[in-house]
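K.L.:
Hey, dropping structure-v6.cif in here, mmCIF, C-alpha atoms:
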data_start
loop_
_atom_site.label_atom_id
_atom_site.label_comp_id
_atom_site.auth_asym_id
_atom_site.auth_seq_id
_atom_site.Cartn_x
_atom_site.Cartn_y
_atom_site.Cartn_z
CA MET A 36 0.00 0.00 0.00
CA ASP A 37 1.57 3.26 -1.07
CA GLU A 38 1.18 6.63 0.63
CA SER A 39 -1.77 7.90 -1.44
CA GLU A 40 -3.81 4.72 -0.85
CA ARG A 41 -3.13 4.93 2.89
CA ILE A 42 -4.25 8.58 3.00
CA LEU A 43 -7.39 7.72 0.97
CA LYS A 44 -8.19 4.84 3.34
CA ASN A 45 -7.67 7.04 6.42
CA ASN A 46 -9.96 9.72 4.95
CA MET A 47 -12.70 7.12 4.34
CA ILE A 48 -12.37 5.93 7.94
CA LYS A 49 -12.56 9.53 9.15
CA GLU A 50 -15.74 10.17 7.10
CA ARG A 51 -17.40 7.02 8.40
CA GLY A 52 -16.52 8.09 11.95
CA LYS A 53 -18.13 11.48 11.39
CA GLU A 54 -21.28 9.82 10.02
CA THR A 55 -21.42 7.52 13.02
CA ARG A 56 -20.99 10.36 15.51
CA LEU A 57 -23.68 12.37 13.72
CA ARG A 58 -26.06 9.39 13.82
CA HIS A 59 -25.32 8.72 17.51
CA ALA A 60 -25.88 12.39 18.41
CA SER A 61 -29.60 12.01 17.68
CA MET A 62 -29.93 8.84 19.80
CA ARG A 63 -30.85 8.90 23.45
CA PRO A 64 -30.33 6.13 26.01
CA PHE A 65 -33.26 4.60 27.82
CA CYS A 66 -33.73 1.91 30.41
CA VAL A 67 -36.24 -0.93 30.24
CA GLU A 68 -37.54 -2.97 33.15
CA LEU A 69 -38.37 -6.58 32.40
CA LYS A 70 -40.25 -9.36 34.06
CA LEU A 71 -38.52 -12.70 33.91
CA ASP A 72 -40.19 -16.04 33.57
CA LEU A 73 -37.96 -18.27 35.67
CA LYS A 74 -39.30 -21.37 33.93
CA CYS A 75 -37.41 -20.32 30.79
CA LEU A 76 -34.06 -20.09 32.58
CA ASN A 77 -31.82 -23.03 33.31
CA LYS A 78 -30.65 -23.85 36.82
CA THR A 79 -27.31 -22.00 36.64
CA GLU A 80 -28.97 -18.84 35.27
CA GLN A 81 -31.55 -18.92 38.06
CA GLU A 82 -28.83 -19.31 40.70
CA LYS A 83 -26.79 -16.48 39.19
CA LEU A 84 -29.82 -14.18 39.14
CA LEU A 85 -30.68 -15.03 42.75
CA ARG A 86 -27.04 -14.40 43.76
CA TYR A 87 -27.16 -10.96 42.07
CA PHE A 88 -30.32 -10.03 43.98
CA THR A 89 -28.74 -11.14 47.25
CA GLN A 90 -25.60 -9.14 46.53
CA CYS A 91 -27.72 -6.09 45.69
CA ARG A 92 -29.35 -6.35 49.13
CA TRP A 93 -25.91 -6.62 50.76
CA LEU A 94 -24.72 -3.56 48.87
CA CYS A 95 -27.86 -1.59 49.67
CA ASN A 96 -27.52 -2.34 53.38
CA TYR A 97 -23.82 -1.47 53.27
CA LEU A 98 -24.53 1.87 51.60
CA ILE A 99 -27.31 2.71 54.05
CA SER A 100 -24.97 2.01 56.98
CA LEU A 101 -22.32 4.46 55.68
CA ASP A 102 -22.14 7.97 57.07
CA THR A 103 -22.86 10.92 54.76
CA ASP A 104 -19.27 11.66 53.74
CA ALA A 105 -18.43 8.00 53.09
CA PHE A 106 -21.63 7.62 51.06
CA ARG A 107 -20.80 10.62 48.88
CA THR A 108 -17.27 9.38 48.23
CA PHE A 109 -18.27 5.75 47.58
CA ASN A 110 -16.43 4.31 44.59
CA THR A 111 -18.74 2.20 42.41
CA MET A 112 -15.80 0.05 41.35
CA THR A 113 -15.56 -1.30 44.91
CA LYS A 114 -16.07 -5.05 45.09
CA ASP A 115 -15.28 -5.65 48.79
CA ILE A 116 -17.88 -4.63 51.36
CA THR A 117 -18.66 -5.38 54.98
CA SER A 118 -22.24 -6.34 55.74
CA LEU A 119 -24.10 -7.91 58.61
CA ASP A 120 -25.35 -11.49 58.61
CA LYS A 121 -28.70 -12.53 60.09
CA ASP A 122 -27.19 -12.66 63.61
CA GLY A 123 -25.81 -9.11 63.32
CA ASN A 124 -22.15 -10.12 62.94
CA ALA A 125 -19.95 -8.18 60.50
CA VAL A 126 -18.98 -10.26 57.47
CA GLU A 127 -16.56 -9.36 54.67
CA ARG A 128 -18.29 -9.94 51.34
CA GLN A 129 -16.93 -10.08 47.80
CA LEU A 130 -19.34 -8.78 45.14
CA THR A 131 -19.30 -10.68 41.85
CA MET A 132 -21.97 -8.67 40.08
CA PRO A 133 -21.14 -6.26 37.26
CA ALA A 134 -20.26 -2.64 38.04
CA LYS A 135 -23.40 -1.53 36.20
CA PHE A 136 -25.53 -3.16 38.91
CA ILE A 137 -23.48 -1.51 41.64
CA GLN A 138 -23.92 1.87 39.96
CA SER A 139 -27.65 1.25 39.62
CA VAL A 140 -28.08 0.44 43.32
CA TYR A 141 -25.97 3.46 44.29
CA SER A 142 -27.89 5.89 42.06
CA SER A 143 -31.22 4.46 43.23
CA LEU A 144 -30.28 5.05 46.87
CA LYS A 145 -29.11 8.58 46.06
CA CYS A 146 -32.51 9.31 44.47
CA ASP A 147 -34.36 7.80 47.44
CA MET A 148 -32.36 9.89 49.91
CA ALA A 149 -32.87 13.04 47.84
CA SER A 150 -36.64 12.47 47.70
CA LEU A 151 -36.76 11.94 51.48
CA ALA A 152 -34.81 15.16 52.01
CA GLU A 153 -37.13 17.04 49.62
CA LYS A 154 -40.19 15.72 51.45
CA ARG A 155 -38.64 16.69 54.78
CA LYS A 156 -37.93 20.18 53.46
CA LYS A 157 -41.39 20.55 51.93
CA THR A 158 -43.44 19.42 54.94
CA GLY A 159 -41.07 20.57 57.67
CA LYS A 160 -41.65 17.33 59.57
CA LYS A 161 -39.31 14.46 60.30
CA ASN A 162 -40.08 11.57 57.97
CA GLY A 163 -37.53 9.00 59.06
CA LYS A 164 -34.69 7.51 57.10
CA LEU A 165 -33.91 4.52 54.95
CA HIS A 166 -33.76 1.21 56.77
CA PRO A 167 -31.72 -1.88 55.86
CA LEU A 168 -33.40 -4.64 53.89
CA SER A 169 -33.81 -7.98 55.61
CA VAL A 170 -31.37 -10.55 54.29
CA SER A 171 -32.33 -14.18 54.56
CA GLU A 172 -28.78 -15.45 54.13
#
What does the file become when written as structure tokens?
P.N.:
Amino acid sequence: MDESERILKNNMIKERGKETRLRHASMRPFCVELKLDLKCLNKTEQEKLLRYFTQCRWLCNYLISLDTDAFRTFNTMTKDITSLDKDGNAVERQLTMPAKFIQSVYSSLKCDMASLAEKRKKTGKKNGKLHPLSVSE
């Protein structure tokens, strides 16, 4: 490939990149909630899904137990947390779920806390705080 062919090829790639960026500029992301029929999943997929839900509860309880500064500075790439078992003993846990799930739980809790604060500010009354979820494991 000589110099002129390489420059021509690079220009074509550049034009395709511009077209792609222009097309993506008009797109907007959206989130979809689904209901799952567990009968359609095999045993390993069911166990993995159940493990993710359990780990989400652990993470939610861990985040609720943090003080305000620690909650604000929480890194969503964190995979090691300390949660309480059913007897109230501290247990080190390793999260195996994707970071997207961790970010989702974190942003959901931030929204919940913001709505509680807004309600408290609007009514002028104390309305409580978030409480840990019960964990069966």
K.L.:
Hey, which of A:Leu98, A:Leu43, A:Leu85, A:Val67 ends up closest to Ser142 in chain A? Count all atoms listed in the file.
P.N.:
A:Leu98
K.L.:
Name the residues captured by the PyMOL selection byres ((chain A and resi 162-171) around 9) when it is applied to the shown file; answer as a ChimeraX atom specification.
P.N.:
/A:89,92-93,95-97,99-100,119-121,144,147-148,151-152,154-155,160-161,172
K.L.:
Pick the closest to Val140 in chain A from A:Leu57, A:Met47, A:Met36, A:Gln90: which is it, counting all atoms listed in the file?
P.N.:
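Selected residue with least distance to Val140 in chain A: A:Gln90.
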K.L.:
Tell me which protein, DNA and RNA residues are within 7 Å of range 126-136 of chain A, counting all atoms listed in the file, leaving out same-chain ones fewer than 2 positions away, and put them as a PyMOL selection string.
P.N.:
chain A and resi 87+90+111-112+114-120+124+138-140
K.L.:
What does the structure give for the distance between CA of Asp72 in chain A and CA of Tyr141 in chain A, in Å to one decimal?
P.N.:
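Interatomic distance, CA of Asp72 in chain A to CA of Tyr141 in chain A: 26.4 Å.
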K.L.:
Go ahead and compute the interatomic distance for CA of Leu94 in chain A and CA of Phe106 in chain A, in Å to one decimal.
P.N.:
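Rounded to one decimal, the two atoms are 11.8 Å apart.
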K.L.:
Find, counting only C-alpha atoms, the residue in A:Cys146, A:Leu84, A:Leu71, A:Ile137 that gets nearest to Thr113 in chain A.
P.N.:
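Between A:Cys146, A:Leu84, A:Leu71, A:Ile137, the residue approaching Thr113 in chain A most closely is A:Ile137.
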K.L.:
Save range 40-85 of chain A to disk from that block, N, CA and C atoms included, as a short mmCIF file (atom, residue, chain, number, x, y, z; two decimals), in the first residue's frame.
P.N.:
data_model
loop_
_atom_site.label_atom_id
_atom_site.label_comp_id
_atom_site.auth_asym_id
_atom_site.auth_seq_id
_atom_site.Cartn_x
_atom_site.Cartn_y
_atom_site.Cartn_z
N GLU A 40 -2.75 5.67 -1.23
CA GLU A 40 -3.81 4.72 -0.85
C GLU A 40 -4.06 4.76 0.65
N ARG A 41 -2.99 4.86 1.43
CA ARG A 41 -3.13 4.93 2.89
C ARG A 41 -3.88 6.19 3.29
N ILE A 42 -3.57 7.32 2.68
CA ILE A 42 -4.25 8.58 3.00
C ILE A 42 -5.72 8.50 2.59
N LEU A 43 -6.00 7.90 1.43
CA LEU A 43 -7.39 7.72 0.97
C LEU A 43 -8.17 6.84 1.95
N LYS A 44 -7.55 5.75 2.39
CA LYS A 44 -8.19 4.84 3.34
C LYS A 44 -8.46 5.55 4.67
N ASN A 45 -7.49 6.31 5.16
CA ASN A 45 -7.67 7.04 6.42
C ASN A 45 -8.77 8.08 6.31
N ASN A 46 -8.89 8.74 5.16
CA ASN A 46 -9.96 9.72 4.95
C ASN A 46 -11.32 9.05 4.94
N MET A 47 -11.42 7.85 4.35
CA MET A 47 -12.70 7.12 4.34
C MET A 47 -13.09 6.74 5.77
N ILE A 48 -12.10 6.30 6.54
CA ILE A 48 -12.37 5.93 7.94
C ILE A 48 -12.82 7.16 8.72
N LYS A 49 -12.20 8.29 8.46
CA LYS A 49 -12.56 9.53 9.15
C LYS A 49 -13.99 9.95 8.81
N GLU A 50 -14.37 9.82 7.53
CA GLU A 50 -15.74 10.17 7.10
C GLU A 50 -16.76 9.25 7.74
N ARG A 51 -16.47 7.97 7.77
CA ARG A 51 -17.40 7.02 8.40
C ARG A 51 -17.55 7.32 9.89
N GLY A 52 -16.45 7.71 10.54
CA GLY A 52 -16.52 8.09 11.95
C GLY A 52 -17.38 9.31 12.17
N LYS A 53 -17.29 10.29 11.28
CA LYS A 53 -18.13 11.48 11.39
C LYS A 53 -19.59 11.13 11.21
N GLU A 54 -19.90 10.25 10.24
CA GLU A 54 -21.28 9.82 10.02
C GLU A 54 -21.82 9.10 11.25
N THR A 55 -21.00 8.26 11.83
CA THR A 55 -21.42 7.52 13.02
C THR A 55 -21.69 8.46 14.18
N ARG A 56 -20.80 9.41 14.41
CA ARG A 56 -20.99 10.36 15.51
C ARG A 56 -22.23 11.23 15.29
N LEU A 57 -22.49 11.59 14.04
CA LEU A 57 -23.68 12.37 13.72
C LEU A 57 -24.94 11.55 13.98
N ARG A 58 -24.91 10.27 13.59
CA ARG A 58 -26.06 9.39 13.82
C ARG A 58 -26.27 9.16 15.31
N HIS A 59 -25.20 8.97 16.07
CA HIS A 59 -25.32 8.72 17.51
C HIS A 59 -25.75 9.97 18.28
N ALA A 60 -25.50 11.15 17.72
CA ALA A 60 -25.88 12.39 18.41
C ALA A 60 -27.40 12.50 18.55
N SER A 61 -28.15 11.92 17.62
CA SER A 61 -29.60 12.01 17.68
C SER A 61 -30.22 10.90 18.55
N MET A 62 -29.42 9.93 18.96
CA MET A 62 -29.93 8.84 19.80
C MET A 62 -29.94 9.26 21.25
N ARG A 63 -30.84 8.65 22.01
CA ARG A 63 -30.85 8.90 23.45
C ARG A 63 -30.97 7.57 24.19
N PRO A 64 -30.26 7.40 25.27
CA PRO A 64 -30.33 6.13 26.01
C PRO A 64 -31.63 6.03 26.80
N PHE A 65 -32.10 4.82 26.98
CA PHE A 65 -33.26 4.60 27.82
C PHE A 65 -33.11 3.25 28.51
N CYS A 66 -33.82 3.11 29.59
CA CYS A 66 -33.73 1.91 30.41
C CYS A 66 -35.07 1.18 30.36
N VAL A 67 -35.03 -0.12 30.32
CA VAL A 67 -36.24 -0.93 30.24
C VAL A 67 -36.25 -1.90 31.41
N GLU A 68 -37.38 -1.99 32.10
CA GLU A 68 -37.54 -2.97 33.15
C GLU A 68 -38.27 -4.17 32.57
N LEU A 69 -37.80 -5.35 32.93
CA LEU A 69 -38.37 -6.58 32.40
C LEU A 69 -38.87 -7.48 33.50
N LYS A 70 -39.83 -8.28 33.17
CA LYS A 70 -40.25 -9.36 34.06
C LYS A 70 -39.68 -10.64 33.49
N LEU A 71 -39.12 -11.47 34.35
CA LEU A 71 -38.52 -12.70 33.91
C LEU A 71 -39.39 -13.88 34.25
N ASP A 72 -39.50 -14.79 33.32
CA ASP A 72 -40.19 -16.04 33.57
C ASP A 72 -39.11 -17.05 33.94
N LEU A 73 -39.03 -17.41 35.20
CA LEU A 73 -37.96 -18.27 35.67
C LEU A 73 -38.03 -19.67 35.06
N LYS A 74 -39.19 -20.05 34.55
CA LYS A 74 -39.30 -21.37 33.93
C LYS A 74 -38.47 -21.47 32.66
N CYS A 75 -38.18 -20.32 32.04
CA CYS A 75 -37.41 -20.32 30.79
C CYS A 75 -35.90 -20.31 31.03
N LEU A 76 -35.48 -20.12 32.27
CA LEU A 76 -34.06 -20.09 32.58
C LEU A 76 -33.59 -21.45 33.08
N ASN A 77 -32.35 -21.77 32.77
CA ASN A 77 -31.82 -23.03 33.31
C ASN A 77 -31.38 -22.83 34.75
N LYS A 78 -30.96 -23.88 35.39
CA LYS A 78 -30.65 -23.85 36.82
C LYS A 78 -29.51 -22.87 37.15
N THR A 79 -28.45 -22.88 36.35
CA THR A 79 -27.31 -22.00 36.64
C THR A 79 -27.69 -20.53 36.47
N GLU A 80 -28.53 -20.23 35.47
CA GLU A 80 -28.97 -18.84 35.27
C GLU A 80 -29.85 -18.39 36.42
N GLN A 81 -30.71 -19.27 36.92
CA GLN A 81 -31.55 -18.92 38.06
C GLN A 81 -30.70 -18.65 39.30
N GLU A 82 -29.70 -19.49 39.54
CA GLU A 82 -28.83 -19.31 40.70
C GLU A 82 -28.03 -18.01 40.60
N LYS A 83 -27.56 -17.71 39.40
CA LYS A 83 -26.79 -16.48 39.19
C LYS A 83 -27.67 -15.26 39.43
N LEU A 84 -28.89 -15.28 38.94
CA LEU A 84 -29.82 -14.18 39.14
C LEU A 84 -30.15 -14.00 40.62
N LEU A 85 -30.39 -15.09 41.31
CA LEU A 85 -30.68 -15.03 42.75
C LEU A 85 -29.46 -14.49 43.51
#
